[in-house]
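Written below as structure tokens is the structure these notes are about.
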Amino acid sequence: MFKVGDNIVYPMHGAGTIESIEEKEVLGETQKYYVMKMPVGDIRVMVPTKNAELIGVRDVIDNNSLEDVFKVFNNNTQIVTSNWNKRYRDNMERMKSGDIYEVAEVVRSLSFKQKEKGLATGEKKMLSNAKQILVSELVLAEDSSRENVEHMIDERIENSFNSYMATL
């Protein structure tokens with residue numbers, strides 16, 4: 001069980017800090033919730049404590065794992081199916097996993113695709129969501145600002161994309 005002050009990741013929503021643990025009655029059932037404050041977007045999210053493990057809530061990565069996340073951006077292989085629907089489903093599964101490396105892969109592959117050919121509206125939204133999820137966790141892991149983390153991500157993707165294009 002997590003406690004107040006812990007930094008946790010809620011898959012598909014991102015990372016945040018537990019501000020409180022509260023009992024609430026929802027649909028006639030009283031249960032405990034983690035109340036998370038998200039560093040990106042300044043919103044609060046309530047996560048049922050009894051379902052936390054089942055839905056994939058986990059600790060934020062530590063500072064030592066940051067470089068491993070950034071290494072995902074250096075993967076210059078572009079194995080992206082041309083079938084938009086399959087690509088969207090595959091990327092959605094990666095995001096639902098709650099695994100930061102999978103989310104980083106979604107950000108990398110969609111960023112590359114956007115630079116090469118552009119993205120459909122649904123994929124633009126997915127890229128934005130994936131990037132927000134990634135940024136929220138890295139802000140807490142790095143103890144840095146949103147702007148700084150976004151800059152680090154953009155810079156690494158740009159360098160990796162340029163390296164990728166040079167190999168073609």
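Note on naming: chains are A, B, ... as they come in the structure tokens, residues start from 1 per chain, ligands start from 1 in the order shown.
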
If you run DSSP on the backbone, which residues of segment 8-166 of chain A are alpha helix (DSSP H), as a PyMOL selection string? chain A and resi 66-71+84-96+100-116+121-142+146-166

Mind writing the picked residues with C-alpha atoms as a compact mmCIF listing (two decimals), in the first residue's frame?
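Written output follows (selection_1.txt):
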```txt
# COMPACT_ATOMS: atom_id res chain seq x y z
CA LEU A 66 16.24 8.14 -16.65
CA GLU A 67 19.04 7.38 -19.11
CA ASP A 68 17.46 3.99 -19.88
CA VAL A 69 14.22 5.77 -20.80
CA PHE A 70 16.10 8.21 -23.02
CA LYS A 71 17.89 5.31 -24.75
CA TRP A 84 -3.41 3.03 -39.20
CA ASN A 85 -5.93 1.00 -37.22
CA LYS A 86 -3.43 -1.73 -36.22
CA ARG A 87 -0.77 0.86 -35.38
CA TYR A 88 -3.27 2.74 -33.20
CA ARG A 89 -4.32 -0.46 -31.34
CA ASP A 90 -0.69 -1.50 -30.81
CA ASN A 91 0.24 1.92 -29.45
CA MET A 92 -2.84 1.97 -27.21
CA GLU A 93 -1.84 -1.38 -25.70
CA ARG A 94 1.64 -0.02 -25.01
CA MET A 95 0.18 2.99 -23.24
CA LYS A 96 -2.25 0.89 -21.20
CA ILE A 100 7.41 3.91 -19.09
CA TYR A 101 9.63 2.29 -21.73
CA GLU A 102 6.56 1.33 -23.77
CA VAL A 103 5.15 4.86 -23.44
CA ALA A 104 8.54 6.28 -24.52
CA GLU A 105 8.43 3.96 -27.55
CA VAL A 106 4.99 5.33 -28.49
CA VAL A 107 6.31 8.89 -28.20
CA ARG A 108 9.37 8.02 -30.32
CA SER A 109 7.56 6.14 -33.07
CA LEU A 110 4.72 8.66 -33.41
CA SER A 111 7.18 11.59 -33.31
CA PHE A 112 9.20 9.97 -36.12
CA LYS A 113 6.04 9.32 -38.13
CA GLN A 114 4.90 12.89 -37.60
CA LYS A 115 8.22 14.23 -38.87
CA GLU A 116 8.21 11.88 -41.88
CA THR A 121 -5.93 13.49 -35.84
CA GLY A 122 -6.33 10.41 -33.61
CA GLU A 123 -2.61 9.74 -33.63
CA LYS A 124 -1.81 13.40 -32.92
CA LYS A 125 -4.00 13.16 -29.82
CA MET A 126 -2.35 9.87 -28.84
CA LEU A 127 1.13 11.42 -29.23
CA SER A 128 0.08 14.34 -27.05
CA ASN A 129 -1.34 12.01 -24.37
CA ALA A 130 1.69 9.69 -24.45
CA LYS A 131 4.04 12.64 -24.16
CA GLN A 132 2.07 14.06 -21.24
CA ILE A 133 2.18 10.69 -19.44
CA LEU A 134 5.93 10.43 -20.08
CA VAL A 135 6.61 14.01 -19.00
CA SER A 136 4.60 13.62 -15.79
CA GLU A 137 6.74 10.68 -14.67
CA LEU A 138 10.07 12.18 -15.73
CA VAL A 139 9.27 15.47 -13.95
CA LEU A 140 8.93 13.54 -10.68
CA ALA A 141 11.88 11.20 -11.35
CA GLU A 142 14.18 14.04 -12.37
CA ARG A 146 7.82 20.36 -17.10
CA GLU A 147 9.52 22.70 -19.55
CA ASN A 148 12.96 21.24 -18.89
CA VAL A 149 11.77 17.65 -19.31
CA GLU A 150 9.85 18.48 -22.51
CA HIS A 151 12.98 20.15 -23.87
CA MET A 152 15.12 17.08 -23.04
CA ILE A 153 12.61 14.77 -24.78
CA ASP A 154 12.27 16.99 -27.86
CA GLU A 155 16.03 17.41 -28.17
CA ARG A 156 16.70 13.67 -27.94
CA ILE A 157 13.94 12.81 -30.40
CA GLU A 158 15.26 15.42 -32.84
CA ASN A 159 18.83 14.08 -32.59
CA SER A 160 17.65 10.50 -32.97
CA PHE A 161 15.44 11.36 -35.95
CA ASN A 162 18.31 13.18 -37.66
CA SER A 163 20.55 10.11 -37.10
CA TYR A 164 17.80 7.88 -38.47
CA MET A 165 17.37 10.04 -41.59
CA ALA A 166 21.14 10.04 -42.18
```

In segment 11-150 of chain A, what's strand (DSSP E or B) per DSSP? Answer as a VMD selection string? chain A and resid 14 to 26 29 to 37 44 to 48 58 to 59

With C-alpha atoms kept, could you save the residues just selected as a PDB file, in the first residue's frame?
```
ATOM      1  CA  GLY A  14       0.460   9.575 -15.739  1.00  0.00           C
ATOM      2  CA  ALA A  15       2.404  10.150 -12.575  1.00  0.00           C
ATOM      3  CA  GLY A  16       1.501  12.142  -9.520  1.00  0.00           C
ATOM      4  CA  THR A  17       2.040  12.549  -5.815  1.00  0.00           C
ATOM      5  CA  ILE A  18      -0.399  11.124  -3.289  1.00  0.00           C
ATOM      6  CA  GLU A  19      -1.777  14.114  -1.399  1.00  0.00           C
ATOM      7  CA  SER A  20      -4.181  12.165   0.792  1.00  0.00           C
ATOM      8  CA  ILE A  21      -5.987   8.889   1.264  1.00  0.00           C
ATOM      9  CA  GLU A  22      -9.714   9.484   1.662  1.00  0.00           C
ATOM     10  CA  GLU A  23     -12.839   7.458   2.147  1.00  0.00           C
ATOM     11  CA  LYS A  24     -15.593   8.314  -0.306  1.00  0.00           C
ATOM     12  CA  GLU A  25     -18.999   6.899  -1.020  1.00  0.00           C
ATOM     13  CA  VAL A  26     -19.493   6.245  -4.712  1.00  0.00           C
ATOM     14  CA  GLU A  29     -20.216   1.856  -1.748  1.00  0.00           C
ATOM     15  CA  THR A  30     -17.671   3.373   0.630  1.00  0.00           C
ATOM     16  CA  GLN A  31     -14.052   2.782  -0.207  1.00  0.00           C
ATOM     17  CA  LYS A  32     -10.627   4.364   0.174  1.00  0.00           C
ATOM     18  CA  TYR A  33      -9.005   6.368  -2.594  1.00  0.00           C
ATOM     19  CA  TYR A  34      -5.540   7.714  -3.237  1.00  0.00           C
ATOM     20  CA  VAL A  35      -5.926  11.373  -4.129  1.00  0.00           C
ATOM     21  CA  MET A  36      -3.104  12.188  -6.560  1.00  0.00           C
ATOM     22  CA  LYS A  37      -1.940  15.614  -7.638  1.00  0.00           C
ATOM     23  CA  ARG A  44      -6.272  15.693  -9.134  1.00  0.00           C
ATOM     24  CA  VAL A  45      -7.111  12.053  -9.740  1.00  0.00           C
ATOM     25  CA  MET A  46      -8.727   9.587  -7.345  1.00  0.00           C
ATOM     26  CA  VAL A  47      -7.572   5.967  -7.532  1.00  0.00           C
ATOM     27  CA  PRO A  48      -9.382   3.242  -5.553  1.00  0.00           C
ATOM     28  CA  ARG A  58       3.348   1.511  -9.537  1.00  0.00           C
ATOM     29  CA  ASP A  59       6.166   3.611  -8.138  1.00  0.00           C
TER      30      ASP A  59
END
```

Straight-line distance linking atom CA of Val4 of chain A with atom CA of Asp99 of chain A, stated in Å to one decimal: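 So the two atoms, atom CA of Val4 of chain A and atom CA of Asp99 of chain A, lie 22.6 Å apart.
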